[in-house]
Each structure stands twice: as structure tokens, then as C-alpha cells.
$ cat data_30.pdb   # PDB, C-alpha atoms and all ligand atoms
MODEL        1
ATOM      1  CA  MET E1191     -19.819 -13.304  -1.969
ATOM      2  CA  SER E1192     -19.822 -14.269  -5.617
ATOM      3  CA  ARG E1193     -23.312 -14.849  -6.727
ATOM      4  CA  LYS E1194     -24.648 -14.917 -10.254
ATOM      5  CA  LYS E1195     -27.308 -12.407 -11.036
ATOM      6  CA  THR E1196     -30.892 -13.558 -10.787
ATOM      7  CA  PRO E1197     -32.329 -13.785 -14.284
ATOM      8  CA  LYS E1198     -35.617 -12.179 -15.001
ATOM      9  CA  SER E1199     -38.678 -14.381 -14.954
ATOM     10  CA  LYS E1200     -39.565 -15.779 -18.324
ATOM     11  CA  GLY E1201     -43.125 -14.630 -17.813
ATOM     12  CA  GLY E1202     -46.196 -16.554 -16.864
ATOM     13  CA  SER E1203     -48.772 -14.800 -14.813
ATOM     14  CA  VAL E1204     -48.511 -14.832 -11.068
ATOM     15  CA  PRO E1205     -51.734 -15.856  -9.382
ATOM     16  CA  ALA E1206     -53.369 -13.449  -6.988
ATOM     17  CA  ALA E1207     -53.011 -14.045  -3.257
ATOM     18  CA  SER E1208     -56.388 -15.647  -3.082
ATOM     19  CA  THR E1209     -55.639 -18.159  -5.829
ATOM     20  CA  LEU E1210     -55.635 -21.602  -4.323
ATOM     21  CA  PRO E1211     -53.045 -24.126  -5.390
ATOM     22  CA  THR E1212     -54.359 -26.335  -8.134
ATOM     23  CA  ALA E1213     -52.774 -28.974 -10.318
ATOM     24  CA  ALA E1214     -53.033 -26.598 -13.245
ATOM     25  CA  ASN E1215     -51.304 -23.615 -11.720
ATOM     26  CA  ARG E1216     -48.713 -25.835 -10.069
ATOM     27  CA  SER E1217     -47.395 -26.933 -13.425
ATOM     28  CA  ARG E1218     -47.595 -23.386 -14.766
ATOM     29  CA  LEU E1219     -45.503 -22.111 -11.889
ATOM     30  CA  ALA E1220     -43.002 -24.917 -11.856
ATOM     31  CA  HIS E1221     -39.311 -24.134 -11.509
ATOM     32  CA  PRO E1222     -37.839 -24.539 -14.987
ATOM     33  CA  ARG E1223     -34.781 -26.302 -13.579
ATOM     34  CA  THR E1224     -36.575 -28.826 -11.456
ATOM     35  CA  PRO E1225     -39.285 -30.581 -13.383
ATOM     36  CA  CYS E1226     -41.207 -33.033 -11.245
ATOM     37  CA  PRO E1227     -42.088 -36.144 -13.177
ATOM     38  CA  GLY E1228     -44.636 -38.062 -11.222
ATOM     39  CA  SER E1229     -45.141 -35.297  -8.691
ATOM     40  CA  GLU E1230     -48.410 -35.779  -6.904
ATOM     41  CA  ALA E1231     -50.377 -33.345  -4.819
ATOM     42  CA  LEU E1232     -51.905 -34.083  -1.478
ATOM     43  CA  PRO E1233     -55.308 -32.720  -0.673
ATOM     44  CA  ASN E1234     -55.396 -29.885   1.823
ATOM     45  CA  GLY E1235     -56.012 -30.590   5.478
ATOM     46  CA  PRO E1236     -54.589 -32.869   8.146
ATOM     47  CA  PRO E1237     -51.883 -35.443   7.515
ATOM     48  CA  GLN E1238     -53.029 -38.481   5.624
ATOM     49  CA  SER E1239     -52.692 -41.553   7.719
ATOM     50  CA  GLY E1240     -54.190 -44.948   8.328
ATOM     51  CA  ARG E1241     -53.931 -47.662   5.738
ATOM     52  CA  PRO E1242     -51.004 -47.832   3.352
ATOM     53  CA  SER E1243     -51.527 -45.773   0.250
ATOM     54  CA  LEU E1244     -49.998 -45.744  -3.177
ATOM     55  CA  GLY E1245     -48.859 -42.321  -4.204
ATOM     56  CA  GLY E1246     -48.819 -41.123  -7.802
ATOM     57  CA  THR E1247     -45.094 -41.801  -7.838
ATOM     58  CA  GLY E1248     -45.667 -45.484  -7.159
ATOM     59  CA  ASP E1249     -44.403 -45.143  -3.579
ATOM     60  CA  PHE E1250     -46.343 -46.705  -0.743
ATOM     61  CA  TYR E1251     -46.644 -44.655   2.385
ATOM     62  CA  ASP E1252     -48.433 -44.764   5.710
ATOM     63  CA  VAL E1253     -48.675 -41.081   6.449
ATOM     64  CA  ALA E1254     -47.987 -37.915   4.461
ATOM     65  CA  PHE E1255     -47.035 -34.375   5.368
ATOM     66  CA  LYS E1256     -46.437 -31.083   3.620
ATOM     67  CA  VAL E1257     -43.146 -29.321   4.211
ATOM     68  CA  MET E1258     -42.366 -25.845   2.868
ATOM     69  CA  LEU E1259     -38.973 -24.302   2.154
ATOM     70  CA  VAL E1260     -38.909 -20.555   2.711
ATOM     71  CA  GLY E1261     -36.291 -17.818   2.838
ATOM     72  CA  ASP E1262     -34.766 -15.105   0.678
ATOM     73  CA  SER E1263     -33.997 -15.638  -2.973
ATOM     74  CA  GLY E1264     -30.630 -17.311  -3.498
ATOM     75  CA  VAL E1265     -30.236 -18.889  -0.056
ATOM     76  CA  GLY E1266     -30.314 -22.366  -1.621
ATOM     77  CA  LYS E1267     -33.858 -23.687  -1.105
ATOM     78  CA  THR E1268     -34.063 -25.384  -4.498
ATOM     79  CA  CYS E1269     -30.551 -26.792  -4.157
ATOM     80  CA  LEU E1270     -31.354 -28.146  -0.709
ATOM     81  CA  LEU E1271     -34.409 -29.915  -2.061
ATOM     82  CA  VAL E1272     -32.562 -31.315  -5.057
ATOM     83  CA  ARG E1273     -29.758 -32.505  -2.784
ATOM     84  CA  PHE E1274     -32.261 -34.269  -0.542
ATOM     85  CA  LYS E1275     -34.370 -35.713  -3.332
ATOM     86  CA  ASP E1276     -31.694 -36.624  -5.902
ATOM     87  CA  GLY E1277     -28.427 -36.476  -3.969
ATOM     88  CA  ALA E1278     -27.069 -33.950  -6.474
ATOM     89  CA  PHE E1279     -25.943 -30.326  -6.407
ATOM     90  CA  LEU E1280     -27.131 -27.770  -8.924
ATOM     91  CA  ALA E1281     -23.936 -25.860  -9.582
ATOM     92  CA  GLY E1282     -23.640 -23.147 -12.190
ATOM     93  CA  THR E1283     -26.098 -20.512 -13.239
ATOM     94  CA  PHE E1284     -28.582 -19.535 -10.590
ATOM     95  CA  ILE E1285     -32.110 -19.952 -11.939
ATOM     96  CA  SER E1286     -34.485 -18.349  -9.505
ATOM     97  CA  THR E1287     -37.652 -20.286  -8.765
ATOM     98  CA  VAL E1288     -40.805 -18.908 -10.318
ATOM     99  CA  GLY E1289     -43.816 -19.240  -8.038
ATOM    100  CA  ILE E1290     -43.748 -22.611  -6.344
ATOM    101  CA  ASP E1291     -42.872 -26.229  -7.082
ATOM    102  CA  PHE E1292     -42.877 -29.464  -5.167
ATOM    103  CA  ARG E1293     -41.192 -32.846  -4.951
ATOM    104  CA  ASN E1294     -42.189 -35.951  -3.017
ATOM    105  CA  LYS E1295     -39.947 -38.244  -1.047
ATOM    106  CA  VAL E1296     -40.903 -41.237   1.084
ATOM    107  CA  LEU E1297     -38.735 -41.902   4.129
ATOM    108  CA  ASP E1298     -38.628 -44.939   6.327
ATOM    109  CA  VAL E1299     -39.041 -43.570   9.838
ATOM    110  CA  ASP E1300     -38.775 -46.269  12.503
ATOM    111  CA  GLY E1301     -40.581 -48.783  10.311
ATOM    112  CA  MET E1302     -43.212 -46.392   9.035
ATOM    113  CA  LYS E1303     -43.303 -44.968   5.506
ATOM    114  CA  VAL E1304     -43.528 -41.214   5.828
ATOM    115  CA  LYS E1305     -44.129 -39.264   2.666
ATOM    116  CA  LEU E1306     -42.928 -35.683   2.611
ATOM    117  CA  GLN E1307     -44.382 -33.459  -0.035
ATOM    118  CA  ILE E1308     -41.839 -30.667  -0.100
ATOM    119  CA  TRP E1309     -42.841 -27.300  -1.485
ATOM    120  CA  ASP E1310     -40.040 -25.165  -2.876
ATOM    121  CA  THR E1311     -41.125 -21.541  -2.812
ATOM    122  CA  ALA E1312     -39.750 -18.549  -4.695
ATOM    123  CA  GLY E1313     -37.822 -16.228  -2.411
ATOM    124  CA  GLN E1314     -38.325 -13.200  -4.606
ATOM    125  CA  GLU E1315     -40.593 -10.563  -3.143
ATOM    126  CA  ARG E1316     -42.901 -10.488  -6.167
ATOM    127  CA  PHE E1317     -43.985 -14.088  -5.536
ATOM    128  CA  ARG E1318     -44.759 -13.566  -1.861
ATOM    129  CA  SER E1319     -48.519 -13.540  -2.388
ATOM    130  CA  VAL E1320     -48.269 -16.923  -4.095
ATOM    131  CA  THR E1321     -46.517 -18.528  -1.136
ATOM    132  CA  HIS E1322     -48.937 -17.009   1.374
ATOM    133  CA  ALA E1323     -51.657 -19.246  -0.016
ATOM    134  CA  TYR E1324     -49.630 -22.359   0.773
ATOM    135  CA  TYR E1325     -48.579 -21.629   4.354
ATOM    136  CA  ARG E1326     -51.805 -22.706   5.990
ATOM    137  CA  ASP E1327     -51.524 -26.277   4.690
ATOM    138  CA  ALA E1328     -47.908 -26.752   5.691
ATOM    139  CA  HIS E1329     -47.159 -29.126   8.538
ATOM    140  CA  ALA E1330     -43.526 -28.017   8.702
ATOM    141  CA  LEU E1331     -41.430 -25.124   7.493
ATOM    142  CA  LEU E1332     -37.715 -25.043   6.827
ATOM    143  CA  LEU E1333     -36.608 -21.417   7.038
ATOM    144  CA  LEU E1334     -33.262 -20.797   5.335
ATOM    145  CA  TYR E1335     -30.689 -18.054   5.268
ATOM    146  CA  ASP E1336     -27.339 -17.998   3.509
ATOM    147  CA  ILE E1337     -24.293 -17.768   5.802
ATOM    148  CA  THR E1338     -22.520 -15.763   3.068
ATOM    149  CA  ASN E1339     -25.328 -13.215   2.778
ATOM    150  CA  LYS E1340     -25.995 -10.980   5.784
ATOM    151  CA  ASP E1341     -29.210  -9.570   4.321
ATOM    152  CA  SER E1342     -30.728 -13.035   4.125
ATOM    153  CA  PHE E1343     -29.932 -13.469   7.820
ATOM    154  CA  ASP E1344     -31.285 -10.044   8.767
ATOM    155  CA  ASN E1345     -34.512 -10.869   6.954
ATOM    156  CA  ILE E1346     -35.224 -13.946   9.078
ATOM    157  CA  GLN E1347     -37.267 -11.963  11.579
ATOM    158  CA  ALA E1348     -39.464 -10.679   8.752
ATOM    159  CA  TRP E1349     -39.945 -14.255   7.566
ATOM    160  CA  LEU E1350     -40.911 -15.272  11.090
ATOM    161  CA  THR E1351     -43.487 -12.507  11.199
ATOM    162  CA  GLU E1352     -44.894 -13.746   7.926
ATOM    163  CA  ILE E1353     -44.969 -17.318   9.231
ATOM    164  CA  GLN E1354     -46.778 -16.127  12.332
ATOM    165  CA  GLU E1355     -49.373 -14.481  10.156
ATOM    166  CA  TYR E1356     -49.990 -17.212   7.605
ATOM    167  CA  ALA E1357     -48.917 -20.599   8.976
ATOM    168  CA  GLN E1358     -50.724 -22.874  11.416
ATOM    169  CA  ARG E1359     -49.915 -22.263  15.065
ATOM    170  CA  ASP E1360     -48.568 -25.769  15.572
ATOM    171  CA  VAL E1361     -46.382 -25.800  12.474
ATOM    172  CA  VAL E1362     -42.995 -27.455  12.977
ATOM    173  CA  LEU E1363     -40.347 -24.871  12.252
ATOM    174  CA  MET E1364     -36.597 -25.252  11.761
ATOM    175  CA  LEU E1365     -33.967 -22.613  10.986
ATOM    176  CA  LEU E1366     -31.155 -23.537   8.589
ATOM    177  CA  GLY E1367     -27.999 -21.564   7.804
ATOM    178  CA  ASN E1368     -27.068 -22.857   4.349
ATOM    179  CA  LYS E1369     -23.831 -22.768   2.261
ATOM    180  CA  VAL E1370     -21.645 -23.719   5.217
ATOM    181  CA  ASP E1371     -19.132 -25.093   2.710
ATOM    182  CA  SER E1372     -18.316 -21.484   1.693
ATOM    183  CA  THR E1373     -15.995 -20.870   4.619
ATOM    184  CA  GLN E1374     -14.069 -18.042   2.947
ATOM    185  CA  GLU E1375     -17.217 -16.107   2.208
ATOM    186  CA  ARG E1376     -18.935 -16.612   5.542
ATOM    187  CA  VAL E1377     -20.323 -13.394   7.018
ATOM    188  CA  VAL E1378     -22.816 -14.849   9.516
ATOM    189  CA  LYS E1379     -21.212 -16.651  12.453
ATOM    190  CA  ARG E1380     -22.707 -19.904  13.590
ATOM    191  CA  GLU E1381     -23.188 -18.447  17.060
ATOM    192  CA  ASP E1382     -25.309 -15.666  15.578
ATOM    193  CA  GLY E1383     -27.523 -18.270  13.949
ATOM    194  CA  GLU E1384     -27.785 -20.090  17.263
ATOM    195  CA  LYS E1385     -28.625 -16.897  19.080
ATOM    196  CA  LEU E1386     -31.307 -15.992  16.584
ATOM    197  CA  ALA E1387     -32.813 -19.465  16.854
ATOM    198  CA  LYS E1388     -32.925 -19.271  20.632
ATOM    199  CA  HIS E1389     -34.640 -15.934  20.752
ATOM    200  CA  ALA E1390     -36.728 -16.117  17.601
ATOM    201  CA  THR E1391     -40.339 -15.179  17.987
ATOM    202  CA  ALA E1392     -42.762 -17.207  15.947
ATOM    203  CA  SER E1393     -45.795 -19.323  16.502
ATOM    204  CA  SER E1394     -44.376 -22.797  16.708
ATOM    205  CA  SER E1395     -45.081 -25.488  19.221
ATOM    206  CA  LEU E1396     -41.313 -25.939  19.522
ATOM    207  CA  GLN E1397     -40.965 -22.312  20.462
ATOM    208  CA  GLU E1398     -40.522 -22.948  24.162
ATOM    209  CA  TYR E1399     -37.146 -24.521  23.364
ATOM    210  CA  GLY E1400     -36.193 -21.958  20.755
ATOM    211  CA  LEU E1401     -36.153 -22.961  17.129
ATOM    212  CA  PRO E1402     -34.174 -26.039  16.127
ATOM    213  CA  PHE E1403     -31.165 -24.771  14.190
ATOM    214  CA  MET E1404     -28.493 -26.283  11.993
ATOM    215  CA  GLU E1405     -26.017 -25.184   9.410
ATOM    216  CA  THR E1406     -26.280 -27.062   6.135
ATOM    217  CA  SER E1407     -24.663 -27.343   2.748
ATOM    218  CA  ALA E1408     -26.631 -28.288  -0.327
ATOM    219  CA  LYS E1409     -23.259 -28.479  -2.059
ATOM    220  CA  THR E1410     -21.659 -31.113   0.181
ATOM    221  CA  GLY E1411     -24.888 -32.503   1.623
ATOM    222  CA  LEU E1412     -23.915 -31.666   5.201
ATOM    223  CA  ASN E1413     -26.906 -32.052   7.536
ATOM    224  CA  VAL E1414     -29.361 -32.025   4.622
ATOM    225  CA  ASP E1415     -30.838 -35.513   5.110
ATOM    226  CA  LEU E1416     -30.776 -34.894   8.828
ATOM    227  CA  ALA E1417     -32.924 -31.764   8.565
ATOM    228  CA  PHE E1418     -35.652 -33.561   6.620
ATOM    229  CA  THR E1419     -35.426 -36.749   8.679
ATOM    230  CA  ALA E1420     -35.766 -34.789  11.913
ATOM    231  CA  ILE E1421     -38.861 -33.062  10.541
ATOM    232  CA  ALA E1422     -40.316 -36.405   9.405
ATOM    233  CA  LYS E1423     -39.705 -37.958  12.827
ATOM    234  CA  GLU E1424     -41.302 -35.055  14.658
ATOM    235  CA  LEU E1425     -44.369 -35.055  12.385
ATOM    236  CA  LYS E1426     -44.714 -38.813  12.513
ATOM    237  CA  GLN E1427     -44.619 -38.804  16.286
ATOM    238  CA  ARG E1428     -47.251 -36.112  16.476
ATOM    239  CA  SER E1429     -49.594 -37.974  14.165
ATOM    240  CA  THR E1430     -49.257 -41.481  15.580
ATOM    241  CA  LYS E1431     -48.914 -40.801  19.310
ATOM    242  CA  ALA E1432     -48.107 -44.450  20.033
ATOM    243  CA  PRO E1433     -48.327 -44.752  23.836
ATOM    244  CA  ASN E1434     -45.292 -46.989  24.319
ATOM    245  CA  GLU E1435     -43.056 -45.165  21.887
ATOM    246  CA  PRO E1436     -40.273 -43.139  23.503
ATOM    247  CA  HIS E1437     -40.919 -39.418  23.149
ATOM    248  CA  PHE E1438     -38.993 -37.966  20.219
ATOM    249  CA  ARG E1439     -37.178 -34.732  20.979
ATOM    250  CA  LEU E1440     -36.288 -32.819  17.855
ATOM    251  CA  HIS E1441     -33.694 -30.573  19.493
ATOM    252  CA  ASP E1442     -31.897 -33.487  21.109
ATOM    253  CA  TYR E1443     -32.001 -35.491  17.899
ATOM    254  CA  ILE E1444     -30.331 -32.883  15.701
ATOM    255  CA  LYS E1445     -27.818 -32.083  18.420
ATOM    256  CA  ARG E1446     -26.886 -35.749  18.644
ATOM    257  CA  GLU E1447     -26.921 -36.563  14.920
ATOM    258  CA  GLY E1448     -25.862 -33.275  13.344
ATOM    259  CA  GLN E1449     -22.382 -32.202  12.405
ATOM    260  CA  GLY E1450     -21.416 -28.936  14.006
ATOM    261  CA  VAL E1451     -24.731 -28.635  15.835
ATOM    262  CA  SER E1452     -24.228 -27.476  19.373
ATOM    263  CA  CYS E1453     -27.242 -25.466  20.106
ATOM    264  CA  CYS E1454     -30.767 -25.007  20.552
ATOM    265  CA  ARG E1455     -32.133 -24.775  24.056
ATOM    266  CA  PRO E1456     -32.239 -21.241  25.411
TER
HETATM  267  N1  LIG M1501     -21.518 -22.964  -2.152
HETATM  268  C1  LIG M1501     -22.835 -23.253  -2.106
HETATM  269  N2  LIG M1501     -23.666 -22.719  -3.023
HETATM  270  C2  LIG M1501     -24.975 -23.032  -2.934
HETATM  271  C3  LIG M1501     -25.484 -23.869  -1.921
HETATM  272  N3  LIG M1501     -26.833 -23.964  -2.096
HETATM  273  C4  LIG M1501     -27.120 -23.219  -3.163
HETATM  274  N4  LIG M1501     -26.019 -22.659  -3.678
HETATM  275  C5  LIG M1501     -25.937 -21.771  -4.842
HETATM  276  O1  LIG M1501     -26.733 -20.623  -4.553
HETATM  277  C6  LIG M1501     -27.457 -20.194  -5.692
HETATM  278  C7  LIG M1501     -28.941 -20.130  -5.374
HETATM  279  O2  LIG M1501     -29.435 -21.430  -5.089
HETATM  280  P1  LIG M1501     -30.986 -21.786  -5.235
HETATM  281  O3  LIG M1501     -31.182 -23.098  -4.578
HETATM  282  O4  LIG M1501     -31.432 -21.672  -6.622
HETATM  283  O5  LIG M1501     -31.637 -20.620  -4.369
HETATM  284  P2  LIG M1501     -33.155 -20.436  -3.949
HETATM  285  O6  LIG M1501     -33.208 -20.181  -2.495
HETATM  286  O7  LIG M1501     -33.957 -21.569  -4.454
HETATM  287  O8  LIG M1501     -33.540 -19.101  -4.703
HETATM  288  P3  LIG M1501     -35.008 -18.652  -5.231
HETATM  289  O9  LIG M1501     -35.543 -19.758  -6.060
HETATM  290  O10 LIG M1501     -34.794 -17.380  -6.016
HETATM  291  O11 LIG M1501     -35.836 -18.377  -4.007
HETATM  292  C8  LIG M1501     -27.111 -21.179  -6.808
HETATM  293  O12 LIG M1501     -26.108 -20.589  -7.617
HETATM  294  C9  LIG M1501     -26.563 -22.380  -6.094
HETATM  295  O13 LIG M1501     -25.621 -23.096  -6.858
HETATM  296  C10 LIG M1501     -24.576 -24.419  -0.959
HETATM  297  O14 LIG M1501     -24.905 -25.158  -0.023
HETATM  298  N5  LIG M1501     -23.261 -24.066  -1.103
HETATM  299 MG    MG M1502     -35.394 -21.756  -5.852
ENDMDL
END

$ encode --input "data_30.pdb" --output "C-alpha cells"
Amino acid sequence: MSRKKTPKSKGGSVPAASTLPTAANRSRLAHPRTPCPGSEALPNGPPQSGRPSLGGTGDFYDVAFKVMLVGDSGVGKTCLLVRFKDGAFLAGTFISTVGIDFRNKVLDVDGMKVKLQIWDTAGQERFRSVTHAYYRDAHALLLLYDITNKDSFDNIQAWLTEIQEYAQRDVVLMLLGNKVDSTQERVVKREDGEKLAKHATASSSLQEYGLPFMETSAKTGLNVDLAFTAIAKELKQRSTKAPNEPHFRLHDYIKREGQGVSCCRP
């Protein structure tokens, strides 16, 4: 795999594990490559719902959720977010995320405006204590590995253990094998990703079906919108619980809509 070396952090102190996210330290920790004009934080706690609200970005929304991107450094978390938010790919020099950053995006989900506040975490070990503080407020987690990097795949179980320790029990969890465009450099077979997803152990209310799993590409955009839309649909359904609405099944949805998705139920 050809991967550019991770540059050293340009400094800035890393908050202690107990440091709660604040507007001030958010901007201090922001990824230098992904400034967030108009980014707006949600308060901690349950999803915001009820009457339409106007976010700081000028977007109206009915309900809002926090989604976190986690996984080893270099798996493509920032690129996945930028692809989803801006429809672009950050090619070139790899600038590792420092601390944590977030972007907002409002989706129209079956006539309802669902705002996702997506937290892009640093995969580097030295920032782990920073991300721990954010897990408990996350409604959903996208856990990524890189199909061209076996270590990132082998580390998924450790990430699941961490999720079990720090995230809410009912967090929505999805496993993504990223960089599927790099066919020549692939070292993790899709079936291995599927197998891992089926047998993964983590506290997730979707656990009984195994983890939802897809392969994605931040470079081409394959399955990127789908991953976030599926999460938004699942969260929206949980929060609204409209009695006459057909039950949304996340596994079935990604299997039906995804490209190259053939998995999920054990
Ligand atoms: N070919 C290919 N390269 C990708 C893809 N996604 C990310 N990359 C490349 O992988 C490298 C790392 O991407 P990032 O998104 O910065 O990785 P990260 O997971 O945010 O890393 P940390 O911030 O250190 O945790 C960059 O050089 C990207 O250009 C993808 O889907 N395909
Ligand atoms: Mg990053």
C-alpha cells in the first residue's frame, strides 16, 4: 500500500480525558484541512426533536443526531466526511486529524429534516482520550477500516471493545471497509469484512443481526451517501416511532440499496 507518512502534529495541547467538549476546545482541535464555517454544536443528551429549528448554519431541521467516525489513523474518516458533506475527495498529502472536528449536514428523510452532526475523530493513539469523552453523546458510530491495510482491520475488535466501554448501549453501529477503489492494493477480502461484522461483539441494539457492513470509497463516493442515509433513517425511526410507519430495517436497506453489499445477517 502506498501511503504518505503521517506528519507530526503542529502542536496544540491535547485535553485530558475528563475535558468535556466545548466550543472553545473544538476550534482549537479542529482538523487544519477541514475548517467548518458555520459549524454548530448540539447540546449533549437525547436527540433534539419537536418543532422545526434553525441551526447555526441556516438549515431548518426537525430532529438532530450526533454521529461519530472512528477507526485507525489513515483509514479515510476525514475523506469520507468530506465526500459526504462536500461531494469532493481530498487527494494528495495525508494530513492526520488533530483531536476532533465536526460538520453538519441536513438530510431529507421521508419528508423529515434530519440533521446529522458528524464528529470526525483522530485515529492516532495519542488522541484516544479526547475521543473517549465524545462517545457517550453519540447516537451512531461509523467504524472504519482500510481494505488496503490489514492492521486497521485487525484493530477493529479493539475499537469494538472501546465502543463497548464508552458508548451508549443503544448506539447505532455500522462497520465500513473503506478504499474499495484500491483494488490492486486490497489485502482484506470483502468476505472477511462480512464475517467480522456478523460475529463482532459490541453493545449495539443491532447486534442480534450482526453489525451492518458495507465497503465504501471516499474517492469514488461508492456507498458513502448510503451509509449516512441509512444511519439517519434508523435514528429517525427510533426517535419518531410513528405507529403507521413501516418498520425500517437497516440491514435490509443497505443490502437493497448498496453496491456490492451482500451481507449482514448471521
Ligand atoms: N484510494 C483511496 N484513498 C483514500 C480513500 N479515503 C481516504 N484515502 C486516502 O487515505 C489517506 C488518509 O485519509 P484520511 O481521511 O485523512 O484518514 P483519517 O482516517 O481521517 O486519518 P486520521 O485523521 O489520522 O485518523 C489520505 O491520503 C486519503 O487521500 C479512499 O476511499 N480511496
Ligand atoms: Mg482524519

$ resolve_selection --input "data_30.pdb" --expression "the PyMOL selection byres (((not hetatm)) within 8 of (chain M and resi 1501))" --output "mmCIF file with C-alpha atoms, keeping the file's coordinate frame"
data_model
loop_
_atom_site.group_PDB
_atom_site.id
_atom_site.type_symbol
_atom_site.label_atom_id
_atom_site.label_comp_id
_atom_site.auth_asym_id
_atom_site.auth_seq_id
_atom_site.Cartn_x
_atom_site.Cartn_y
_atom_site.Cartn_z
ATOM 1 C CA ARG E 1193 -23.312 -14.849 -6.727
ATOM 2 C CA LYS E 1194 -24.648 -14.917 -10.254
ATOM 3 C CA THR E 1196 -30.892 -13.558 -10.787
ATOM 4 C CA HIS E 1221 -39.311 -24.134 -11.509
ATOM 5 C CA VAL E 1260 -38.909 -20.555 2.711
ATOM 6 C CA GLY E 1261 -36.291 -17.818 2.838
ATOM 7 C CA ASP E 1262 -34.766 -15.105 0.678
ATOM 8 C CA SER E 1263 -33.997 -15.638 -2.973
ATOM 9 C CA GLY E 1264 -30.630 -17.311 -3.498
ATOM 10 C CA VAL E 1265 -30.236 -18.889 -0.056
ATOM 11 C CA GLY E 1266 -30.314 -22.366 -1.621
ATOM 12 C CA LYS E 1267 -33.858 -23.687 -1.105
ATOM 13 C CA THR E 1268 -34.063 -25.384 -4.498
ATOM 14 C CA CYS E 1269 -30.551 -26.792 -4.157
ATOM 15 C CA LEU E 1270 -31.354 -28.146 -0.709
ATOM 16 C CA LEU E 1271 -34.409 -29.915 -2.061
ATOM 17 C CA PHE E 1279 -25.943 -30.326 -6.407
ATOM 18 C CA LEU E 1280 -27.131 -27.770 -8.924
ATOM 19 C CA ALA E 1281 -23.936 -25.860 -9.582
ATOM 20 C CA GLY E 1282 -23.640 -23.147 -12.190
ATOM 21 C CA THR E 1283 -26.098 -20.512 -13.239
ATOM 22 C CA PHE E 1284 -28.582 -19.535 -10.590
ATOM 23 C CA ILE E 1285 -32.110 -19.952 -11.939
ATOM 24 C CA SER E 1286 -34.485 -18.349 -9.505
ATOM 25 C CA THR E 1287 -37.652 -20.286 -8.765
ATOM 26 C CA VAL E 1288 -40.805 -18.908 -10.318
ATOM 27 C CA ASP E 1310 -40.040 -25.165 -2.876
ATOM 28 C CA THR E 1311 -41.125 -21.541 -2.812
ATOM 29 C CA ALA E 1312 -39.750 -18.549 -4.695
ATOM 30 C CA GLY E 1313 -37.822 -16.228 -2.411
ATOM 31 C CA GLN E 1314 -38.325 -13.200 -4.606
ATOM 32 C CA LEU E 1334 -33.262 -20.797 5.335
ATOM 33 C CA ASN E 1368 -27.068 -22.857 4.349
ATOM 34 C CA LYS E 1369 -23.831 -22.768 2.261
ATOM 35 C CA VAL E 1370 -21.645 -23.719 5.217
ATOM 36 C CA ASP E 1371 -19.132 -25.093 2.710
ATOM 37 C CA SER E 1372 -18.316 -21.484 1.693
ATOM 38 C CA THR E 1406 -26.280 -27.062 6.135
ATOM 39 C CA SER E 1407 -24.663 -27.343 2.748
ATOM 40 C CA ALA E 1408 -26.631 -28.288 -0.327
ATOM 41 C CA LYS E 1409 -23.259 -28.479 -2.059
ATOM 42 C CA THR E 1410 -21.659 -31.113 0.181
ATOM 43 C CA GLY E 1411 -24.888 -32.503 1.623
#

$ resolve_selection --input "data_30.pdb" --expression "the PyMOL selection byres (((chain E and resi 1356) around 8) and not hetatm)" --output "list in words"
His1322, Tyr1325, Arg1326, Glu1352, Ile1353, Gln1354, Glu1355, Ala1357 and Gln1358 of chain E

$ atom_distance --input "data_30.pdb" --atom1 "CA of Tyr1335 in chain E" --atom2 "CA of Asn1413 in chain E"
14.7 Å

$ atom_distance --input "data_30.pdb" --atom1 "CA of Val1361 in chain E" --atom2 "CA of Leu1440 in chain E"
13.4 Å

$ closest_residue --input "data_30.pdb" --among "E:Val1304, E:Ile1444, E:Leu1333, E:Leu1259" --to "ligand MG 1502 (chain M)" --atoms "all atoms listed in the file"
E:Leu1259

$ residues_around --input "data_30.pdb" --residues "His1389 in chain E" --least-positions-apart "3" --cutoff "7 Å" --atoms "all atoms listed in the file" --output "JSON, numbers by chain"
{"E": [1385, 1386, 1400]}

$ residues_around --input "data_30.pdb" --residues "Gly1448 in chain E" --least-positions-apart "6" --cutoff "10 Å" --atoms "all atoms listed in the file" --output "tab-separated table (two decimals) with C-alpha atoms, in the frame of the given file"
chain	number	residue	atom	x	y	z
E	1404	MET	CA	-28.49	-26.28	11.99
E	1405	GLU	CA	-26.02	-25.18	9.41
E	1406	THR	CA	-26.28	-27.06	6.14
E	1412	LEU	CA	-23.92	-31.67	5.20
E	1413	ASN	CA	-26.91	-32.05	7.54
E	1414	VAL	CA	-29.36	-32.02	4.62
E	1415	ASP	CA	-30.84	-35.51	5.11
E	1416	LEU	CA	-30.78	-34.89	8.83
E	1417	ALA	CA	-32.92	-31.76	8.56
E	1442	ASP	CA	-31.90	-33.49	21.11

$ resolve_selection --input "data_30.pdb" --expression "the PyMOL selection byres (((chain E and resi 1292) around 6) and not hetatm)" --output "ChimeraX atom specification"
/E:1291,1293,1308-1310

$ residues_around --input "data_30.pdb" --residues "Ala1422 in chain E" --least-positions-apart "4" --cutoff "8 Å" --atoms "all atoms listed in the file" --output "list of chain:residue names"
E:Leu1297, E:Val1299, E:Val1304, E:Leu1306, E:Phe1418, E:Lys1426

$ build_atoms --input "data_30.pdb" --residues "range 1289-1299 of chain E" --atoms "N, CA and C atoms" --output "short mmCIF file (atom, residue, chain, number, x, y, z; two decimals), in the frame of the given file"
data_model
loop_
_atom_site.label_atom_id
_atom_site.label_comp_id
_atom_site.auth_asym_id
_atom_site.auth_seq_id
_atom_site.Cartn_x
_atom_site.Cartn_y
_atom_site.Cartn_z
N GLY E 1289 -42.61 -18.76 -8.72
CA GLY E 1289 -43.82 -19.24 -8.04
C GLY E 1289 -43.52 -20.31 -7.01
N ILE E 1290 -43.89 -21.53 -7.32
CA ILE E 1290 -43.75 -22.61 -6.34
C ILE E 1290 -43.69 -23.95 -7.07
N ASP E 1291 -43.03 -24.91 -6.47
CA ASP E 1291 -42.87 -26.23 -7.08
C ASP E 1291 -42.82 -27.24 -5.94
N PHE E 1292 -43.03 -28.50 -6.25
CA PHE E 1292 -42.88 -29.46 -5.17
C PHE E 1292 -42.31 -30.78 -5.65
N ARG E 1293 -41.71 -31.50 -4.72
CA ARG E 1293 -41.19 -32.85 -4.95
C ARG E 1293 -41.64 -33.72 -3.79
N ASN E 1294 -41.82 -35.00 -4.07
CA ASN E 1294 -42.19 -35.95 -3.02
C ASN E 1294 -41.01 -36.85 -2.69
N LYS E 1295 -40.92 -37.22 -1.43
CA LYS E 1295 -39.95 -38.24 -1.05
C LYS E 1295 -40.52 -39.04 0.12
N VAL E 1296 -40.41 -40.36 0.01
CA VAL E 1296 -40.90 -41.24 1.08
C VAL E 1296 -39.71 -41.71 1.91
N LEU E 1297 -39.80 -41.49 3.21
CA LEU E 1297 -38.74 -41.90 4.13
C LEU E 1297 -39.23 -43.05 5.00
N ASP E 1298 -38.30 -43.90 5.37
CA ASP E 1298 -38.63 -44.94 6.33
C ASP E 1298 -38.28 -44.40 7.71
N VAL E 1299 -39.28 -44.12 8.50
CA VAL E 1299 -39.04 -43.57 9.84
C VAL E 1299 -39.48 -44.60 10.87
#
